[in-house]
$ cat model_7.cif   # mmCIF, C-alpha atoms
data_input
#
loop_
_atom_site.label_atom_id
_atom_site.label_comp_id
_atom_site.auth_asym_id
_atom_site.auth_seq_id
_atom_site.Cartn_x
_atom_site.Cartn_y
_atom_site.Cartn_z
CA MET A 1 -23.52 23.32 -9.14
CA THR A 2 -22.76 20.26 -7.04
CA THR A 3 -21.50 20.48 -3.46
CA SER A 4 -18.66 18.17 -2.46
CA ARG A 5 -16.31 17.78 0.48
CA GLU A 6 -12.57 17.25 0.35
CA ILE A 7 -9.64 16.82 2.75
CA ARG A 8 -6.89 19.43 2.62
CA LEU A 9 -3.43 19.42 4.15
CA MET A 10 -3.31 22.48 6.41
CA SER A 11 0.15 22.01 7.95
CA ARG A 12 3.08 19.64 7.58
CA PRO A 13 3.19 17.03 10.37
CA GLU A 14 6.12 17.01 12.76
CA GLY A 15 6.43 13.41 13.83
CA MET A 16 3.14 11.52 14.02
CA PRO A 17 0.36 13.24 12.03
CA VAL A 18 -2.48 14.72 14.10
CA ALA A 19 -6.02 15.79 13.24
CA ASP A 20 -5.05 19.49 13.13
CA ASN A 21 -2.82 18.81 10.11
CA PHE A 22 -6.00 18.27 8.05
CA GLU A 23 -9.17 20.18 7.19
CA VAL A 24 -12.52 19.07 5.78
CA ALA A 25 -13.55 21.70 3.22
CA THR A 26 -16.78 22.12 1.24
CA VAL A 27 -16.48 23.12 -2.41
CA ASP A 28 -18.86 23.81 -5.29
CA LEU A 29 -18.25 21.87 -8.50
CA ALA A 30 -19.34 23.38 -11.79
CA ALA A 31 -21.47 21.17 -14.02
CA PRO A 32 -19.40 19.15 -16.51
CA THR A 33 -19.18 20.57 -20.02
CA ALA A 34 -18.48 18.89 -23.37
CA GLY A 35 -15.80 16.20 -22.97
CA GLN A 36 -16.06 16.13 -19.18
CA ILE A 37 -17.51 13.73 -16.64
CA ARG A 38 -18.54 13.95 -12.99
CA VAL A 39 -17.39 11.15 -10.72
CA ARG A 40 -18.69 10.32 -7.26
CA ASN A 41 -16.03 8.47 -5.30
CA ARG A 42 -17.28 5.33 -3.56
CA PHE A 43 -14.06 4.22 -1.87
CA MET A 44 -10.77 5.99 -1.25
CA SER A 45 -7.42 4.65 -0.13
CA VAL A 46 -5.03 5.76 2.57
CA ASP A 47 -1.50 4.37 2.27
CA PRO A 48 1.74 4.73 4.27
CA TYR A 49 3.65 6.26 1.32
CA MET A 50 1.41 9.33 1.61
CA ARG A 51 3.31 10.31 4.76
CA GLY A 52 6.40 10.98 2.63
CA ARG A 53 4.41 13.38 0.44
CA MET A 54 3.62 15.49 3.51
CA TYR A 55 7.27 16.54 3.75
CA ASP A 56 8.36 19.46 1.59
CA ARG A 57 11.29 17.69 -0.05
CA PRO A 58 12.16 16.15 -3.42
CA SER A 59 11.06 12.56 -3.93
CA TYR A 60 9.76 10.23 -6.62
CA VAL A 61 6.37 12.02 -6.35
CA PRO A 62 5.79 15.73 -5.67
CA PRO A 63 4.89 16.76 -2.10
CA PHE A 64 1.32 17.60 -1.13
CA GLN A 65 0.72 21.33 -1.09
CA ILE A 66 -0.54 23.24 1.95
CA GLY A 67 -4.18 24.29 1.56
CA GLN A 68 -4.77 21.92 -1.35
CA PRO A 69 -6.73 18.64 -1.39
CA LEU A 70 -4.63 15.54 -0.93
CA GLN A 71 -4.40 12.93 -3.66
CA GLY A 72 -4.64 9.17 -3.55
CA HIS A 73 -6.19 6.16 -5.20
CA ALA A 74 -9.98 6.05 -5.30
CA ILE A 75 -12.79 4.06 -6.87
CA GLY A 76 -15.65 6.13 -8.23
CA GLU A 77 -18.84 5.91 -10.23
CA ILE A 78 -19.60 8.17 -13.18
CA VAL A 79 -22.81 10.05 -12.35
CA GLU A 80 -22.81 12.47 -15.28
CA SER A 81 -21.04 12.21 -18.62
CA HIS A 82 -20.46 14.38 -21.67
CA ALA A 83 -17.43 12.39 -22.85
CA ASP A 84 -17.36 9.68 -25.51
CA GLY A 85 -16.62 6.22 -24.15
CA TYR A 86 -17.70 7.01 -20.61
CA ALA A 87 -21.24 6.16 -19.53
CA VAL A 88 -23.20 6.91 -16.38
CA GLY A 89 -22.72 3.94 -14.05
CA ASP A 90 -19.21 3.09 -15.26
CA MET A 91 -16.76 2.50 -12.42
CA VAL A 92 -13.34 4.16 -12.61
CA THR A 93 -10.12 4.18 -10.64
CA SER A 94 -8.20 7.42 -10.26
CA MET A 95 -5.59 9.24 -8.20
CA LEU A 96 -8.22 11.82 -7.24
CA GLY A 97 -9.11 10.50 -3.81
CA TRP A 98 -9.59 12.50 -0.58
CA ARG A 99 -12.71 14.07 -2.08
CA GLU A 100 -16.31 13.01 -2.52
CA GLU A 101 -16.78 14.13 -6.13
CA PHE A 102 -14.82 15.69 -8.96
CA VAL A 103 -15.27 16.86 -12.54
CA VAL A 104 -12.60 15.91 -15.06
CA ASP A 105 -11.76 15.62 -18.73
CA PRO A 106 -10.51 12.01 -19.05
CA THR A 107 -8.31 12.84 -22.04
CA VAL A 108 -6.05 14.84 -19.71
CA PHE A 109 -4.77 11.52 -18.35
CA ALA A 110 -4.36 9.73 -21.68
CA ALA A 111 -0.56 9.75 -21.41
CA MET A 112 -0.51 9.04 -17.64
CA PRO A 113 -1.12 5.31 -17.06
CA GLY A 114 -2.73 4.54 -13.73
CA MET A 115 -4.02 8.05 -13.11
CA PHE A 116 -7.51 7.45 -14.50
CA ASP A 117 -8.89 4.18 -15.88
CA LYS A 118 -12.17 2.34 -16.26
CA LEU A 119 -12.41 -0.67 -13.98
CA PRO A 120 -12.71 -4.15 -15.43
CA THR A 121 -15.72 -6.16 -14.28
CA LEU A 122 -14.78 -9.22 -12.25
CA ALA A 123 -17.66 -11.31 -10.93
CA GLY A 124 -17.92 -11.50 -7.16
CA ILE A 125 -15.19 -8.95 -6.47
CA SER A 126 -15.93 -5.71 -4.63
CA PRO A 127 -14.77 -2.52 -6.35
CA SER A 128 -12.75 -1.72 -3.23
CA ALA A 129 -10.49 -4.69 -4.03
CA PHE A 130 -8.96 -2.51 -6.76
CA LEU A 131 -7.52 -0.36 -3.96
CA GLY A 132 -6.00 -3.39 -2.25
CA VAL A 133 -5.31 -6.91 -3.42
CA LEU A 134 -6.05 -6.00 -7.08
CA GLY A 135 -4.66 -2.49 -6.80
CA MET A 136 -1.41 -0.77 -5.97
CA PRO A 137 -0.68 -2.77 -2.77
CA GLY A 138 -1.30 -6.11 -4.50
CA MET A 139 0.81 -5.11 -7.47
CA THR A 140 3.56 -3.94 -5.11
CA ALA A 141 3.58 -7.29 -3.34
CA TYR A 142 3.49 -9.27 -6.59
CA ALA A 143 6.26 -7.37 -8.36
CA GLY A 144 8.57 -6.86 -5.40
CA LEU A 145 8.46 -10.45 -4.24
CA LEU A 146 8.63 -12.17 -7.62
CA GLN A 147 10.99 -9.81 -9.44
CA ILE A 148 13.41 -8.88 -6.63
CA GLY A 149 12.91 -11.60 -4.04
CA ALA A 150 12.64 -14.32 -6.71
CA PRO A 151 11.64 -17.02 -4.21
CA LYS A 152 12.33 -20.66 -5.04
CA PRO A 153 10.39 -23.67 -3.74
CA GLY A 154 11.74 -24.77 -0.38
CA GLU A 155 13.23 -21.38 0.54
CA THR A 156 12.33 -19.35 3.62
CA VAL A 157 10.67 -15.96 3.14
CA PHE A 158 10.49 -13.40 5.97
CA VAL A 159 7.87 -10.63 5.68
CA SER A 160 7.66 -7.66 8.05
CA GLY A 161 4.30 -5.94 8.44
CA GLY A 162 2.71 -9.20 7.36
CA ALA A 163 -0.87 -8.27 8.22
CA GLY A 164 -0.84 -5.06 6.18
CA ALA A 165 -2.17 -4.49 2.69
CA VAL A 166 1.14 -5.37 1.01
CA GLY A 167 2.62 -7.84 3.48
CA SER A 168 -0.47 -10.06 3.62
CA VAL A 169 -0.35 -10.54 -0.16
CA VAL A 170 3.41 -11.16 -0.12
CA ALA A 171 2.98 -13.88 2.49
CA GLN A 172 0.30 -15.67 0.51
CA ILE A 173 2.14 -15.49 -2.83
CA ALA A 174 5.24 -16.87 -1.13
CA LYS A 175 3.19 -19.85 0.08
CA LEU A 176 1.87 -20.37 -3.45
CA LYS A 177 5.49 -20.53 -4.61
CA GLY A 178 6.25 -23.37 -2.20
CA CYS A 179 8.12 -21.41 0.46
CA THR A 180 8.16 -21.49 4.24
CA VAL A 181 6.79 -18.10 5.33
CA ILE A 182 7.55 -16.15 8.50
CA ALA A 183 5.57 -12.93 9.01
CA THR A 184 5.37 -10.36 11.79
CA ALA A 185 2.35 -8.40 12.99
CA GLY A 186 1.51 -6.22 15.97
CA SER A 187 -1.20 -8.22 17.77
CA ALA A 188 -2.25 -11.75 18.59
CA GLU A 189 -5.39 -11.30 16.50
CA LYS A 190 -3.40 -10.33 13.43
CA CYS A 191 -1.09 -13.29 13.94
CA ASP A 192 -4.11 -15.60 14.14
CA TRP A 193 -5.37 -14.18 10.84
CA LEU A 194 -1.98 -14.74 9.21
CA ARG A 195 -2.02 -18.36 10.28
CA SER A 196 -5.53 -18.72 8.86
CA VAL A 197 -4.23 -17.81 5.39
CA GLY A 198 -1.36 -20.28 5.54
CA VAL A 199 1.57 -18.42 7.13
CA ASP A 200 3.85 -20.98 8.80
CA HIS A 201 5.16 -18.77 11.61
CA ALA A 202 3.35 -15.57 12.68
CA ILE A 203 5.28 -13.49 15.21
CA ASN A 204 3.90 -10.69 17.38
CA TYR A 205 6.84 -8.28 17.25
CA LYS A 206 5.51 -6.37 20.26
CA THR A 207 6.14 -9.29 22.60
CA GLY A 208 9.43 -10.96 23.39
CA ASN A 209 12.73 -10.73 21.54
CA LEU A 210 12.30 -10.36 17.78
CA LEU A 211 15.70 -11.81 16.87
CA ASP A 212 15.15 -14.89 19.01
CA ALA A 213 11.63 -15.41 17.66
CA VAL A 214 12.67 -15.22 14.01
CA ARG A 215 15.77 -17.37 14.62
CA SER A 216 13.56 -20.03 16.21
CA ALA A 217 11.16 -19.93 13.23
CA ALA A 218 14.03 -20.03 10.70
CA PRO A 219 16.73 -22.32 12.13
CA LYS A 220 18.32 -22.63 8.68
CA GLY A 221 18.24 -18.88 8.01
CA ILE A 222 16.18 -16.78 5.58
CA ASP A 223 16.55 -16.56 1.83
CA VAL A 224 14.17 -13.70 1.01
CA TYR A 225 13.22 -10.69 3.11
CA PHE A 226 10.32 -8.43 2.08
CA ASP A 227 10.66 -5.24 4.12
CA ASN A 228 7.71 -3.01 4.99
CA VAL A 229 9.02 -1.88 8.38
CA GLY A 230 12.78 -1.24 8.45
CA GLY A 231 14.42 -0.57 11.82
CA GLU A 232 14.92 -3.60 14.05
CA HIS A 233 13.24 -5.88 11.51
CA LEU A 234 15.88 -5.05 8.90
CA GLU A 235 18.69 -5.65 11.38
CA VAL A 236 17.21 -9.06 12.29
CA ALA A 237 16.84 -9.97 8.62
CA ILE A 238 20.51 -9.15 7.92
CA GLU A 239 21.61 -11.15 10.95
CA LEU A 240 19.69 -14.27 9.88
CA ALA A 241 20.12 -14.00 6.12
CA ASN A 242 21.71 -16.86 4.24
CA PRO A 243 24.45 -16.15 1.67
CA PHE A 244 23.02 -14.57 -1.47
CA ALA A 245 19.68 -13.75 0.22
CA ARG A 246 17.51 -11.19 -1.57
CA PHE A 247 15.96 -8.18 0.19
CA ALA A 248 13.01 -6.37 -1.43
CA GLU A 249 12.92 -2.99 0.28
CA CYS A 250 9.34 -1.75 -0.10
CA GLY A 251 8.87 0.51 2.93
CA MET A 252 10.22 1.44 6.34
CA ILE A 253 7.13 2.53 8.22
CA ALA A 254 8.94 2.36 11.56
CA GLN A 255 10.82 5.51 10.55
CA TYR A 256 8.19 7.51 8.63
CA ASN A 257 7.36 9.75 11.58
CA ALA A 258 10.86 10.04 13.03
CA THR A 259 11.85 13.57 14.04
CA GLU A 260 15.57 12.77 14.19
CA VAL A 261 17.90 10.75 11.98
CA VAL A 262 17.51 7.07 12.81
CA PRO A 263 20.73 5.00 12.88
CA GLY A 264 20.95 2.25 10.30
CA PRO A 265 21.28 -1.45 11.16
CA ARG A 266 24.32 -2.07 13.35
CA ASN A 267 25.25 -5.19 11.41
CA MET A 268 25.58 -3.76 7.89
CA ILE A 269 29.11 -5.21 7.79
CA LEU A 270 27.47 -8.61 7.18
CA VAL A 271 26.09 -7.48 3.81
CA VAL A 272 29.42 -7.97 2.06
CA GLY A 273 30.42 -11.34 3.47
CA LYS A 274 26.93 -12.75 2.93
CA ARG A 275 26.77 -11.21 -0.57
CA LEU A 276 23.27 -9.90 0.07
CA LYS A 277 21.17 -8.29 -2.65
CA ILE A 278 19.29 -5.34 -1.12
CA GLN A 279 17.12 -3.44 -3.59
CA GLY A 280 14.66 -0.64 -2.96
CA PHE A 281 11.77 -0.24 -5.37
CA ILE A 282 8.49 1.50 -6.06
CA VAL A 283 5.59 -0.15 -7.82
CA SER A 284 5.82 1.99 -10.96
CA ASP A 285 9.20 0.37 -11.69
CA PHE A 286 7.21 -2.67 -12.79
CA ALA A 287 4.34 -1.04 -14.67
CA SER A 288 4.92 -3.40 -17.60
CA LEU A 289 3.71 -6.29 -15.41
CA ARG A 290 0.26 -4.78 -14.85
CA ASP A 291 -1.68 -7.02 -17.26
CA GLN A 292 0.16 -10.13 -16.09
CA PHE A 293 -0.56 -9.21 -12.48
CA MET A 294 -4.27 -8.66 -13.10
CA THR A 295 -4.63 -11.99 -14.89
CA GLU A 296 -2.68 -14.06 -12.38
CA MET A 297 -3.97 -12.36 -9.24
CA GLY A 298 -7.54 -12.42 -10.52
CA GLY A 299 -7.19 -16.15 -11.08
CA TRP A 300 -5.76 -16.78 -7.60
CA ILE A 301 -8.61 -14.84 -5.99
CA ALA A 302 -11.26 -16.66 -8.04
CA GLU A 303 -9.73 -19.99 -7.00
CA GLY A 304 -9.69 -18.97 -3.33
CA ARG A 305 -5.90 -19.20 -3.17
CA ILE A 306 -5.44 -15.55 -2.19
CA LYS A 307 -7.63 -14.05 0.53
CA SER A 308 -7.85 -10.39 1.45
CA GLU A 309 -8.97 -8.44 4.47
CA GLU A 310 -10.17 -4.84 4.65
CA THR A 311 -10.49 -2.38 7.49
CA VAL A 312 -13.25 0.05 6.48
CA MET A 313 -14.00 3.48 7.92
CA GLU A 314 -17.02 5.41 6.70
CA GLY A 315 -17.27 9.03 5.58
CA ILE A 316 -14.82 11.53 4.10
CA ASP A 317 -14.39 13.13 7.51
CA GLN A 318 -12.88 9.85 8.77
CA ALA A 319 -10.09 9.84 6.18
CA PRO A 320 -7.49 11.55 8.43
CA ALA A 321 -8.22 9.11 11.28
CA ALA A 322 -7.94 6.20 8.86
CA PHE A 323 -4.60 7.50 7.64
CA MET A 324 -3.23 8.01 11.14
CA GLY A 325 -4.40 4.51 12.06
CA LEU A 326 -1.88 3.07 9.62
CA PHE A 327 0.91 4.07 12.01
CA THR A 328 -0.69 2.70 15.17
CA GLY A 329 -1.69 -0.75 13.92
CA GLY A 330 -5.31 0.20 13.28
CA ASN A 331 -5.70 -1.94 10.18
CA THR A 332 -5.65 -5.57 9.20
CA GLY A 333 -5.21 -5.84 5.44
CA LYS A 334 -6.13 -2.79 3.39
CA MET A 335 -7.39 0.36 5.10
CA VAL A 336 -10.12 1.96 2.98
CA VAL A 337 -12.59 4.78 3.49
CA LYS A 338 -16.12 4.22 2.22
CA LEU A 339 -17.68 7.42 0.94
#

$ encode --input "model_7.cif" --output "structure tokens"
Amino acid sequence: MTTSREIRLMSRPEGMPVADNFEVATVDLAAPTAGQIRVRNRFMSVDPYMRGRMYDRPSYVPPFQIGQPLQGHAIGEIVESHADGYAVGDMVTSMLGWREEFVVDPTVFAAMPGMFDKLPTLAGISPSAFLGVLGMPGMTAYAGLLQIGAPKPGETVFVSGGAGAVGSVVAQIAKLKGCTVIATAGSAEKCDWLRSVGVDHAINYKTGNLLDAVRSAAPKGIDVYFDNVGGEHLEVAIELANPFARFAECGMIAQYNATEVVPGPRNMILVVGKRLKIQGFIVSDFASLRDQFMTEMGGWIAEGRIKSEETVMEGIDQAPAAFMGLFTGGNTGKMVVKL
């Protein structure tokens, strides 16, 4: 037997999640048998989309169940193996985060891409990068911007939540594509970091008038909007959009904890006259781009053209606090929990 700890959802949050919605539980894991492996997670991810899984409602992924361990991306090391092709010391990525260890038969996930895979070895890159810039957030940024936003050299790209795991990658790819980039963040320190990675105009949305600030940064309007926030940011983007602008709707974190229906942008009437393309997406829509993404992003990182930032909290018991910090501006770049 091996003892492990895991985080369980004990009640569904009403509004902003609180510590009492979660429980740290200790479990005994049986020794792996033939065909099974035991994995010790080294890093686990917390991501804003997980808030949607805490509601009991239909969505593109099933809701978390009360009393059960939560799920999420994690990077782990195989510490015991009775399965062909998997050796002790191999690093793996899985959707079995929010726990310290687990025992699994890898063949169960053979027909489920992205659920359980061995990590490639990339010199000089921390395994935790596969939860961020080389993981789901990086792939989200890459696919959403390039496939939906389709930025052209000389265009203006507006990114909300620019200092987050997704937004920070969007901003840097847009610069690589020859665009002027405007990004928002929630503190002066985050804005300074955005400028350090090449963002042309970093705006602290918590100070001053957002519409005036973005208008000043984009006097000729915006051509691409990558939305991580929704709310006022979306309304501003519609107001300042040029004809035929493209909106990649990735997330609307400003509304994730709303307890009442939030009115939509007041200027939706402009969508028709401006002929705007507004498309929501999830990263799995572009699964076919995975190999291309890994090759191109890996190259950009190796060349120093894409930089990443992590906010790291330590210990499985800190996972709920790390998750709640996503909604209060507690992270710059990717929020990860080191186990």

$ residues_around --input "model_7.cif" --residues "range 248-258 of chain A" --least-positions-apart "3" --cutoff "7 Å" --atoms "all atoms listed in the file" --output "PDB file with C-alpha atoms, in the frame of the given file"
ATOM      1  CA  GLY A  15       6.430  13.410  13.830  1.00  0.00           C
ATOM      2  CA  MET A  16       3.140  11.520  14.020  1.00  0.00           C
ATOM      3  CA  ARG A  51       3.310  10.310   4.760  1.00  0.00           C
ATOM      4  CA  GLY A 144       8.570  -6.860  -5.400  1.00  0.00           C
ATOM      5  CA  LEU A 145       8.460 -10.450  -4.240  1.00  0.00           C
ATOM      6  CA  ILE A 148      13.410  -8.880  -6.630  1.00  0.00           C
ATOM      7  CA  GLY A 149      12.910 -11.600  -4.040  1.00  0.00           C
ATOM      8  CA  TYR A 225      13.220 -10.690   3.110  1.00  0.00           C
ATOM      9  CA  PHE A 226      10.320  -8.430   2.080  1.00  0.00           C
ATOM     10  CA  ASP A 227      10.660  -5.240   4.120  1.00  0.00           C
ATOM     11  CA  ASN A 228       7.710  -3.010   4.990  1.00  0.00           C
ATOM     12  CA  VAL A 229       9.020  -1.880   8.380  1.00  0.00           C
ATOM     13  CA  GLY A 230      12.780  -1.240   8.450  1.00  0.00           C
ATOM     14  CA  GLY A 231      14.420  -0.570  11.820  1.00  0.00           C
ATOM     15  CA  ILE A 278      19.290  -5.340  -1.120  1.00  0.00           C
ATOM     16  CA  GLN A 279      17.120  -3.440  -3.590  1.00  0.00           C
ATOM     17  CA  GLY A 280      14.660  -0.640  -2.960  1.00  0.00           C
ATOM     18  CA  PHE A 281      11.770  -0.240  -5.370  1.00  0.00           C
ATOM     19  CA  ILE A 282       8.490   1.500  -6.060  1.00  0.00           C
TER      20      ILE A 282
END

$ closest_residue --input "model_7.cif" --among "A:Ile203, A:Val337, A:Val108, A:Ala143" --to "Ala174 in chain A" --atoms "only C-alpha atoms"
A:Ala143

$ resolve_selection --input "model_7.cif" --expression "the PyMOL selection byres ((chain A and resi 24-30) around 6)" --output "NGL selection string"
:A and (1-7 or 23 or 31)

$ residues_around --input "model_7.cif" --residues "Val46 in chain A" --least-positions-apart "6" --cutoff "8 Å" --atoms "only C-alpha atoms" --output "MDAnalysis selection string"
chainID A and resid 72:73 319 322:323 335:337

$ closest_residue --input "model_7.cif" --among "A:Asn41, A:Thr184, A:Ser284, A:Ser168" --to "Gly132 in chain A" --atoms "all atoms listed in the file"
A:Ser168

$ residues_around --input "model_7.cif" --residues "Val104 in chain A" --least-positions-apart "6" --cutoff "7 Å" --atoms "all atoms listed in the file" --output "list in words"
Gln36, Ile37 and Arg38 of chain A

$ write_last_selection --input "model_7.cif" --atoms "C-alpha atoms" --output "PDB file, keeping the file's coordinate frame"
ATOM      1  CA  GLN A  36     -16.060  16.130 -19.180  1.00  0.00           C
ATOM      2  CA  ILE A  37     -17.510  13.730 -16.640  1.00  0.00           C
ATOM      3  CA  ARG A  38     -18.540  13.950 -12.990  1.00  0.00           C
TER       4      ARG A  38
END

$ resolve_selection --input "model_7.cif" --expression "the PyMOL selection byres ((chain A and resi 100) around 9)" --output "ChimeraX atom specification"
/A:4-6,39-42,76,97-99,101-102,316,339

$ axis_aligned_box --input "model_7.cif" --around "range 146-161 of chain A" --padding-each-side "3 Å" --output "AutoDock Vina command-line options"
--center_x 8.9 --center_y -15.4 --center_z -0.5 --size_x 15.1 --size_y 24.8 --size_z 23.9

$ resolve_selection --input "model_7.cif" --expression "the PyMOL selection byres ((chain A and resi 95) around 9)" --output "list in words"
Gln71, Gly72, His73, Ala74, Ile75, Thr93, Ser94, Leu96, Gly97, Gly114, Met115 and Phe116 of chain A

$ closest_residue --input "model_7.cif" --among "A:Asn204, A:Thr107, A:Gln292, A:Gln68" --to "Glu189 in chain A" --atoms "only C-alpha atoms"
A:Asn204

$ residues_near_point --input "model_7.cif" --point "(23.1, -4.6, 11.6)" --cutoff "10 Å" --atoms "all atoms listed in the file" --output "PyMOL selection string"
chain A and resi 231-239+263-271

$ closest_residue --input "model_7.cif" --among "A:Gln65, A:Asn209, A:Thr180, A:Ser45" --to "Glu314 in chain A" --atoms "only C-alpha atoms"
A:Ser45

$ closest_residue --input "model_7.cif" --among "A:Thr295, A:Ser196, A:Thr332, A:Asn242" --to "Thr156 in chain A" --atoms "all atoms listed in the file"
A:Asn242

$ decode --input "model_7.cif" --residues "range 157-234 of chain A" --atoms "C-alpha atoms" --output "tab-separated table (two decimals), in the first residue's frame"
chain	number	residue	atom	x	y	z
A	157	VAL	CA	-4.09	42.84	-31.81
A	158	PHE	CA	-5.87	43.45	-28.48
A	159	VAL	CA	-5.49	40.80	-25.75
A	160	SER	CA	-7.44	40.82	-22.48
A	161	GLY	CA	-5.92	39.04	-19.50
A	162	GLY	CA	-2.55	39.57	-21.14
A	163	ALA	CA	-0.43	38.50	-18.17
A	164	GLY	CA	-2.17	35.15	-17.74
A	165	ALA	CA	-1.05	31.75	-18.98
A	166	VAL	CA	-2.89	32.08	-22.31
A	167	GLY	CA	-2.83	35.83	-22.85
A	168	SER	CA	0.92	36.18	-22.33
A	169	VAL	CA	1.59	33.65	-25.10
A	170	VAL	CA	-0.97	35.26	-27.42
A	171	ALA	CA	0.71	38.64	-26.99
A	172	GLN	CA	4.15	37.28	-27.82
A	173	ILE	CA	3.02	35.27	-30.85
A	174	ALA	CA	1.23	38.35	-32.17
A	175	LYS	CA	4.51	40.29	-31.93
A	176	LEU	CA	6.29	37.48	-33.79
A	177	LYS	CA	3.71	37.89	-36.55
A	178	GLY	CA	4.56	41.58	-36.95
A	179	CYS	CA	1.57	43.08	-35.16
A	180	THR	CA	1.12	45.99	-32.78
A	181	VAL	CA	-0.02	44.43	-29.50
A	182	ILE	CA	-2.20	45.96	-26.79
A	183	ALA	CA	-2.69	43.87	-23.65
A	184	THR	CA	-4.46	44.43	-20.33
A	185	ALA	CA	-3.45	43.24	-16.87
A	186	GLY	CA	-4.50	43.96	-13.32
A	187	SER	CA	-1.38	45.56	-11.81
A	188	ALA	CA	1.50	47.85	-12.65
A	189	GLU	CA	3.94	44.99	-12.08
A	190	LYS	CA	2.17	42.78	-14.59
A	191	CYS	CA	2.12	45.60	-17.11
A	192	ASP	CA	5.86	46.08	-16.64
A	193	TRP	CA	6.38	42.36	-17.31
A	194	LEU	CA	4.28	42.56	-20.49
A	195	ARG	CA	6.40	45.43	-21.76
A	196	SER	CA	9.54	43.40	-21.00
A	197	VAL	CA	8.39	40.69	-23.43
A	198	GLY	CA	7.65	43.16	-26.22
A	199	VAL	CA	4.03	44.26	-25.73
A	200	ASP	CA	3.61	47.72	-27.27
A	201	HIS	CA	0.89	49.01	-24.94
A	202	ALA	CA	0.21	47.41	-21.54
A	203	ILE	CA	-2.89	48.77	-19.79
A	204	ASN	CA	-3.80	48.36	-16.13
A	205	TYR	CA	-7.55	47.85	-16.45
A	206	LYS	CA	-8.06	48.59	-12.76
A	207	THR	CA	-7.04	52.23	-13.18
A	208	GLY	CA	-8.69	54.85	-15.34
A	209	ASN	CA	-11.17	54.41	-18.16
A	210	LEU	CA	-10.60	51.22	-20.16
A	211	LEU	CA	-12.25	52.48	-23.35
A	212	ASP	CA	-10.20	55.67	-23.36
A	213	ALA	CA	-6.97	53.79	-22.65
A	214	VAL	CA	-7.45	51.27	-25.45
A	215	ARG	CA	-8.62	53.97	-27.88
A	216	SER	CA	-5.46	55.95	-27.14
A	217	ALA	CA	-3.29	52.86	-27.73
A	218	ALA	CA	-5.14	51.95	-30.94
A	219	PRO	CA	-6.02	55.22	-32.71
A	220	LYS	CA	-6.65	53.32	-35.96
A	221	GLY	CA	-8.80	50.65	-34.30
A	222	ILE	CA	-8.18	46.95	-33.61
A	223	ASP	CA	-8.15	44.12	-36.11
A	224	VAL	CA	-7.94	41.09	-33.80
A	225	TYR	CA	-9.31	40.65	-30.30
A	226	PHE	CA	-8.31	37.64	-28.18
A	227	ASP	CA	-10.78	37.47	-25.30
A	228	ASN	CA	-9.95	35.89	-21.94
A	229	VAL	CA	-12.09	38.23	-19.83
A	230	GLY	CA	-15.42	39.16	-21.44
A	231	GLY	CA	-17.52	41.85	-19.77
A	232	GLU	CA	-16.33	45.43	-20.26
A	233	HIS	CA	-13.31	44.26	-22.26
A	234	LEU	CA	-15.55	42.68	-24.89
